[in-house]
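Student: Take a look at this one; I'll ask things after.
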Protein chains: 2
Amino acid sequence: MNEKEINLGHGSGGRLMHRLIRELLLKKLSNPVLGELQDSARLTGAGRICFTTDSFVVSPLFFPGGDIGKLAVYGTVNDLAVSGAIPEYLSLAMIIEEGLGIKLLEKIVDSVANAARKARVQVVTGDLKVVPRGSCDKIFINTAGVGRFIGRGSFSLKMVRPHDRIIVTGNIARHGLAVLAARKGLELGINSDCAPLSGLLIPLLKRGCGVKFMRDPTRGGLATTLNEIAEGCGYGMLINESELPLSARTAAACELLGIDPLYVANEGAAVMIVEEDAVKNVLRLLHRHPLGKCAREIGEISGETQKLVVLRTVNGSQRIIDMLTADPLPRIC
Amino acid sequence: MNEKEINLGHGSGGRLMHRLIRELLLKKLSNPVLGELQDSARLTGAGRICFTTDSFVVSPLFFPGGDIGKLAVYGTVNDLAVSGAIPEYLSLAMIIEEGLGIKLLEKIVDSVANAARKARVQVVTGDLKVVPRGSCDKIFINTAGVGRFIGRGSFSLKMVRPHDRIIVTGNIARHGLAVLAARKGLELGINSDCAPLSGLLIPLLKRGCGVKFMRDPTRGGLATTLNEIAEGCGYGMLINESELPLSARTAAACELLGIDPLYVANEGAAVMIVEEDAVKNVLRLLHRHPLGKCAREIGEISGETQKLVVLRTVNGSQRIIDMLTADPLPRIC
């Protein structure tokens, strides 16, 4: 580690965070399960149990299409779902700043309860801490999740091969823009995509149809997740800019604000790596579900072993897409 | 809820927190597992899995006998152990304030790693968030834990009957005083009791020797835990002040500071409810272990159904011990 202090980039989901995790956390806490660096852990000797955690520090607490409560449930539900597990149980731990309105807390807990019902998970254990005024910003929520693996179990990047196809299940860049709009008082007309992916992904996985790996591109956006996949599988990839699922409104907002949509957080989309032969069938199944109707094949795993993510732009040129380094939007989730 | 705002008492572990949990959280998140209000959840349909969570916001981060890292591991390990489960897996989620020194973070992660080794648990999944300066106080840590129930499974307060005996496994009031001393710059010569209880409790449970219920008296202290047990089992209890395991040094410090040791947090002691016939054997086994050598029988479950916790004082009078209401020491864990 070169830095002496933690900066916002260390929480960005991008390059700096990966280095901090690798050079500090993994070194000290090393064990085979943690070392896999998946969105959730496969517990050995504990049946087919999948275990994950996430803290939510989003600001503001409410934004178009969602709020911290909904995010805290779906964020963890999605980490289980993209790992190939049916989400079953959540823990709910809240750190609350002294002075938070009880009505506001009720609204957040209502949102947690609604989201849990929709995602068919039970909140079975919890914790509550209150800190003096000024020691935190309103409320932070942590959820951990326990789920059960489907079929043969968790995915592995080791199964990914050249010519495998890359699918994104929904329109990108909505969550980050919705939070930014709420923070800056902008009217972008864009709602967060915050949604539980289990209903979309689990039936598909139960059929066992050629899906090799999944991850949800949250902090750091699609660009960061694609780089994580490239580094994990050992192959580069070629992405077609023209195929990126991006609504005209989102594209216009990104243009206006000078933000690259590839680096904006999503909370209701998944990246899937799928066998070449299976891609049509997977897309057909995805398109049947409301959350999958914008699903697109965006590119493929390439044979090159420098693990570069290359974007073929709409005007035919190519550029290398790196992981996020600094954090353009702190406290996005 | 009469209050309009969250105050520090809502996080005290005492009366106000219980009301907030009952009237807000349980109402909205209601399900049978959460409704049991145990330190951890028994997952139905998921084998013999026990699941729990705790956030740690202690200030200062380092105190005599411990630090936030050690506390975050042992706190969750102990919630599993007192539930009758062998702690196996932890998640680790950190919310870090921008500007935290990397060296300090390393020290905390080292402490997590050491504690995990000592408690024989693996940190298998994690999360890292960074918030801008002023949005949290240095670092907050959440751990969730997954364990496996021993023998016939979790305890139940429904099994508790009059004449059952009450044991406390270690000297009380040390953790709260150690944190207070660090915060105020006092030299009390008292170390936190922060320790993993699994090594003490699990072998005892494996023998199945008349233990009906256990809980660790953390926030709210022994008085609050005894009241929780009384309310949960439907019987009152009679506690002998002369039998309370309290070192002379701790007693003197409490006297000096005007603090009642019954309300001071512990992080390495358990309250056990044990069958009358079994108490001698349980004490014998506890005394063999370094963490149990101060274990004492402190009283018994009484027949009265007003669920009062009555203290028989050293001078022969009786007084009712209620739950903690306000929080004398916020951010104790």
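In the structure tokens, the first chain shown is A, the next is B, and so on; residue numbers restart at 1 for each chain, and ligands run from 1 in the order shown.
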Within 6 Å of chain A, which residues of chain B show up? Give each one with its shortest atom-to-atom distance in Å (one decimal) and the two atoms involved, counting only C-alpha atoms, rows by chain then rising residue number, as CSV.
Tutor:
residue,atom,partner,partner_atom,distance
B:Lys4,CA,A:Ile102,CA,5.4
B:Glu5,CA,A:Gly101,CA,4.3
B:Ile6,CA,A:Gly99,CA,5.0
B:Asn7,CA,A:Glu98,CA,4.9
B:Leu8,CA,A:Val130,CA,5.6
B:Gly11,CA,A:Val130,CA,4.6
B:Leu29,CA,A:Ala113,CA,5.4
B:Val33,CA,A:Val124,CA,5.6
B:Leu34,CA,A:Val124,CA,4.5
B:Ala41,CA,A:Thr125,CA,5.7
B:Thr52,CA,A:Thr125,CA,5.8
B:Thr53,CA,A:Gly126,CA,6.0
B:Asp54,CA,A:Asp127,CA,5.4
B:Glu98,CA,A:Asn7,CA,4.9
B:Gly99,CA,A:Ile6,CA,5.0
B:Leu100,CA,A:Ile6,CA,5.3
B:Gly101,CA,A:Glu5,CA,4.3
B:Ile102,CA,A:Glu5,CA,5.1
B:Ala113,CA,A:Leu29,CA,5.4
B:Val124,CA,A:Leu34,CA,4.4
B:Thr125,CA,A:Leu34,CA,5.7
B:Gly126,CA,A:Thr53,CA,5.9
B:Asp127,CA,A:Asp54,CA,5.4
B:Lys129,CA,A:Gly11,CA,4.8
B:Val130,CA,A:Gly11,CA,4.6
B:Ser135,CA,A:Asp137,CA,5.0
B:Cys136,CA,A:Cys136,CA,4.0
B:Asp137,CA,A:Ser135,CA,5.0
Student: Could you find all residues in stretch 9-198 of chain A that DSSP calls strand (DSSP E or B) from the backbone, and write them as a ChimeraX atom specification?
Tutor: /A:41-42,46,48-56,62-63,66-67,85-97,101,122-131,136,139-149,165-168
Student: For stretch 310-321 of chain A, find every residue with an atom within 8 Å (counting only C-alpha atoms), except residues of its own chain fewer than 2 positions away, and show them as a VMD selection string.
Tutor: chain A and resid 223 227 236 to 242 308 323
Student: Keeping only N, CA and C atoms, write those residues as a PDB file, in the first residue's frame.
Tutor:
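Result file selection25.pdb:
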ATOM      1  N   ALA A 223     -18.208  -1.511 -16.365  1.00  0.00           N
ATOM      2  CA  ALA A 223     -16.796  -1.580 -16.756  1.00  0.00           C
ATOM      3  C   ALA A 223     -15.972  -2.319 -15.705  1.00  0.00           C
ATOM      4  N   ASN A 227     -14.096  -6.064 -16.016  1.00  0.00           N
ATOM      5  CA  ASN A 227     -12.665  -6.236 -15.716  1.00  0.00           C
ATOM      6  C   ASN A 227     -12.433  -7.303 -14.642  1.00  0.00           C
ATOM      7  N   GLY A 236      -9.393 -11.906 -22.064  1.00  0.00           N
ATOM      8  CA  GLY A 236      -9.973 -10.602 -22.328  1.00  0.00           C
ATOM      9  C   GLY A 236     -11.379 -10.739 -22.884  1.00  0.00           C
ATOM     10  N   MET A 237     -11.956  -9.602 -23.250  1.00  0.00           N
ATOM     11  CA  MET A 237     -13.278  -9.664 -23.874  1.00  0.00           C
ATOM     12  C   MET A 237     -13.450  -8.505 -24.841  1.00  0.00           C
ATOM     13  N   LEU A 238     -14.384  -8.706 -25.758  1.00  0.00           N
ATOM     14  CA  LEU A 238     -14.687  -7.692 -26.755  1.00  0.00           C
ATOM     15  C   LEU A 238     -16.151  -7.317 -26.571  1.00  0.00           C
ATOM     16  N   ILE A 239     -16.393  -6.018 -26.309  1.00  0.00           N
ATOM     17  CA  ILE A 239     -17.745  -5.533 -26.032  1.00  0.00           C
ATOM     18  C   ILE A 239     -18.165  -4.611 -27.175  1.00  0.00           C
ATOM     19  N   ASN A 240     -19.387  -4.775 -27.643  1.00  0.00           N
ATOM     20  CA  ASN A 240     -19.895  -3.903 -28.703  1.00  0.00           C
ATOM     21  C   ASN A 240     -20.697  -2.758 -28.087  1.00  0.00           C
ATOM     22  N   GLU A 241     -20.188  -1.547 -28.247  1.00  0.00           N
ATOM     23  CA  GLU A 241     -20.863  -0.385 -27.672  1.00  0.00           C
ATOM     24  C   GLU A 241     -22.309  -0.284 -28.165  1.00  0.00           C
ATOM     25  N   SER A 242     -22.513  -0.631 -29.440  1.00  0.00           N
ATOM     26  CA  SER A 242     -23.858  -0.511 -30.033  1.00  0.00           C
ATOM     27  C   SER A 242     -24.868  -1.440 -29.368  1.00  0.00           C
ATOM     28  N   LEU A 308      -7.651  -7.968 -21.311  1.00  0.00           N
ATOM     29  CA  LEU A 308      -8.129  -6.610 -21.576  1.00  0.00           C
ATOM     30  C   LEU A 308      -9.606  -6.624 -21.959  1.00  0.00           C
ATOM     31  N   MET A 323     -10.888  -0.744 -15.142  1.00  0.00           N
ATOM     32  CA  MET A 323     -11.691  -0.627 -13.927  1.00  0.00           C
ATOM     33  C   MET A 323     -11.799   0.826 -13.511  1.00  0.00           C
TER      34      MET A 323
END
Student: Kindly give the distance, in Å, that separates atom CA of A:Asn78 and atom CA of A:Asn266, rounded to a single decimal.
Tutor: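 Between these atoms lies a distance of 11.2 Å.
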Student: Mind listing the alpha helix (DSSP H) residues of stretch 133-291 of chain A, per DSSP on the backbone, as a ChimeraX atom specification?
Tutor: /A:174-184,198-206,221-233,248-257,279-287
Student: Name the residues in contact with B:Arg207 at a cut-off of 12 Å, using only C-alpha atoms, excluding same-chain residues fewer than 4 positions from it; report them as a PyMOL selection string.
Tutor: chain B and resi 84+150-152+201-203+211+278+281-282+285
Student: Quick one: of B:Arg22, B:Glu231, B:Glu275, B:Leu186, who's nearest to B:Cys209, counting only C-alpha atoms?
Tutor: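 Nearest candidate to B:Cys209 out of B:Arg22, B:Glu231, B:Glu275, B:Leu186: B:Glu275.
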Student: I'd like the contact shell of B:Gly189 - 12 Å cut-off, only C-alpha atoms, skipping same-chain residues fewer than 2 positions apart - returned as a list of chain:residue names.
Tutor: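 Within the cut-off, the hits are B:Phe63, B:Pro64, B:Gly65, B:Arg174, B:His175, B:Leu177, B:Ala178, B:Val179, B:Leu180, B:Ala181, B:Ala182, B:Gly185, B:Leu186, B:Glu187, B:Asn191, B:Ser192, B:Ser247, B:Ala248, B:Arg249, B:Thr250, B:Ala252, B:Ala253.
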Student: Using the selection just defined, write its residues with N, CA and C atoms as a JSON list (two decimals), in the first residue's frame.
Tutor:
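Dumped everything to part_14.json:
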[["chain", "number", "residue", "atom", "x", "y", "z"],
["B", 63, "PHE", "N", -8.93, -0.10, 23.67],
["B", 63, "PHE", "CA", -9.18, 0.07, 25.11],
["B", 63, "PHE", "C", -8.46, -1.05, 25.85],
["B", 64, "PRO", "N", -8.27, -0.94, 27.15],
["B", 64, "PRO", "CA", -7.53, -1.98, 27.86],
["B", 64, "PRO", "C", -8.17, -3.36, 27.68],
["B", 65, "GLY", "N", -7.40, -4.28, 27.12],
["B", 65, "GLY", "CA", -7.89, -5.64, 26.94],
["B", 65, "GLY", "C", -8.56, -5.91, 25.61],
["B", 174, "ARG", "N", -16.45, -5.63, 33.64],
["B", 174, "ARG", "CA", -15.10, -5.25, 33.23],
["B", 174, "ARG", "C", -15.08, -4.51, 31.89],
["B", 175, "HIS", "N", -15.83, -5.00, 30.91],
["B", 175, "HIS", "CA", -15.74, -4.38, 29.58],
["B", 175, "HIS", "C", -16.14, -2.90, 29.60],
["B", 177, "LEU", "N", -16.24, -0.76, 32.02],
["B", 177, "LEU", "CA", -15.29, 0.08, 32.74],
["B", 177, "LEU", "C", -14.01, 0.30, 31.94],
["B", 178, "ALA", "N", -13.57, -0.73, 31.24],
["B", 178, "ALA", "CA", -12.34, -0.59, 30.43],
["B", 178, "ALA", "C", -12.54, 0.45, 29.32],
["B", 179, "VAL", "N", -13.71, 0.42, 28.68],
["B", 179, "VAL", "CA", -13.98, 1.38, 27.60],
["B", 179, "VAL", "C", -14.11, 2.79, 28.18],
["B", 180, "LEU", "N", -14.81, 2.88, 29.30],
["B", 180, "LEU", "CA", -14.98, 4.18, 29.96],
["B", 180, "LEU", "C", -13.62, 4.77, 30.35],
["B", 181, "ALA", "N", -12.76, 3.92, 30.90],
["B", 181, "ALA", "CA", -11.42, 4.37, 31.31],
["B", 181, "ALA", "C", -10.64, 4.91, 30.11],
["B", 182, "ALA", "N", -10.70, 4.18, 28.99],
["B", 182, "ALA", "CA", -9.99, 4.61, 27.78],
["B", 182, "ALA", "C", -10.55, 5.93, 27.28],
["B", 185, "GLY", "N", -9.59, 8.74, 29.83],
["B", 185, "GLY", "CA", -8.19, 8.83, 30.23],
["B", 185, "GLY", "C", -7.96, 8.47, 31.69],
["B", 186, "LEU", "N", -8.78, 7.57, 32.22],
["B", 186, "LEU", "CA", -8.61, 7.11, 33.61],
["B", 186, "LEU", "C", -7.71, 5.88, 33.64],
["B", 187, "GLU", "N", -7.00, 5.70, 34.74],
["B", 187, "GLU", "CA", -6.19, 4.49, 34.93],
["B", 187, "GLU", "C", -6.87, 3.63, 35.97],
["B", 191, "ASN", "N", -9.06, -4.56, 32.75],
["B", 191, "ASN", "CA", -9.11, -4.94, 31.34],
["B", 191, "ASN", "C", -10.50, -5.42, 30.96],
["B", 192, "SER", "N", -10.90, -5.15, 29.73],
["B", 192, "SER", "CA", -12.14, -5.73, 29.21],
["B", 192, "SER", "C", -12.07, -7.25, 29.32],
["B", 247, "SER", "N", -14.82, -8.43, 40.98],
["B", 247, "SER", "CA", -13.53, -8.32, 41.66],
["B", 247, "SER", "C", -13.54, -7.09, 42.57],
["B", 248, "ALA", "N", -12.67, -7.10, 43.56],
["B", 248, "ALA", "CA", -12.58, -5.98, 44.51],
["B", 248, "ALA", "C", -12.25, -4.69, 43.76],
["B", 249, "ARG", "N", -11.38, -4.83, 42.76],
["B", 249, "ARG", "CA", -10.97, -3.65, 42.00],
["B", 249, "ARG", "C", -12.14, -3.07, 41.20],
["B", 250, "THR", "N", -12.92, -3.96, 40.57],
["B", 250, "THR", "CA", -14.08, -3.50, 39.80],
["B", 250, "THR", "C", -15.12, -2.87, 40.73],
["B", 252, "ALA", "N", -14.62, -1.43, 43.56],
["B", 252, "ALA", "CA", -14.12, -0.13, 44.02],
["B", 252, "ALA", "C", -14.27, 0.93, 42.93],
["B", 253, "ALA", "N", -13.95, 0.55, 41.67],
["B", 253, "ALA", "CA", -14.06, 1.50, 40.56],
["B", 253, "ALA", "C", -15.52, 1.93, 40.37]]
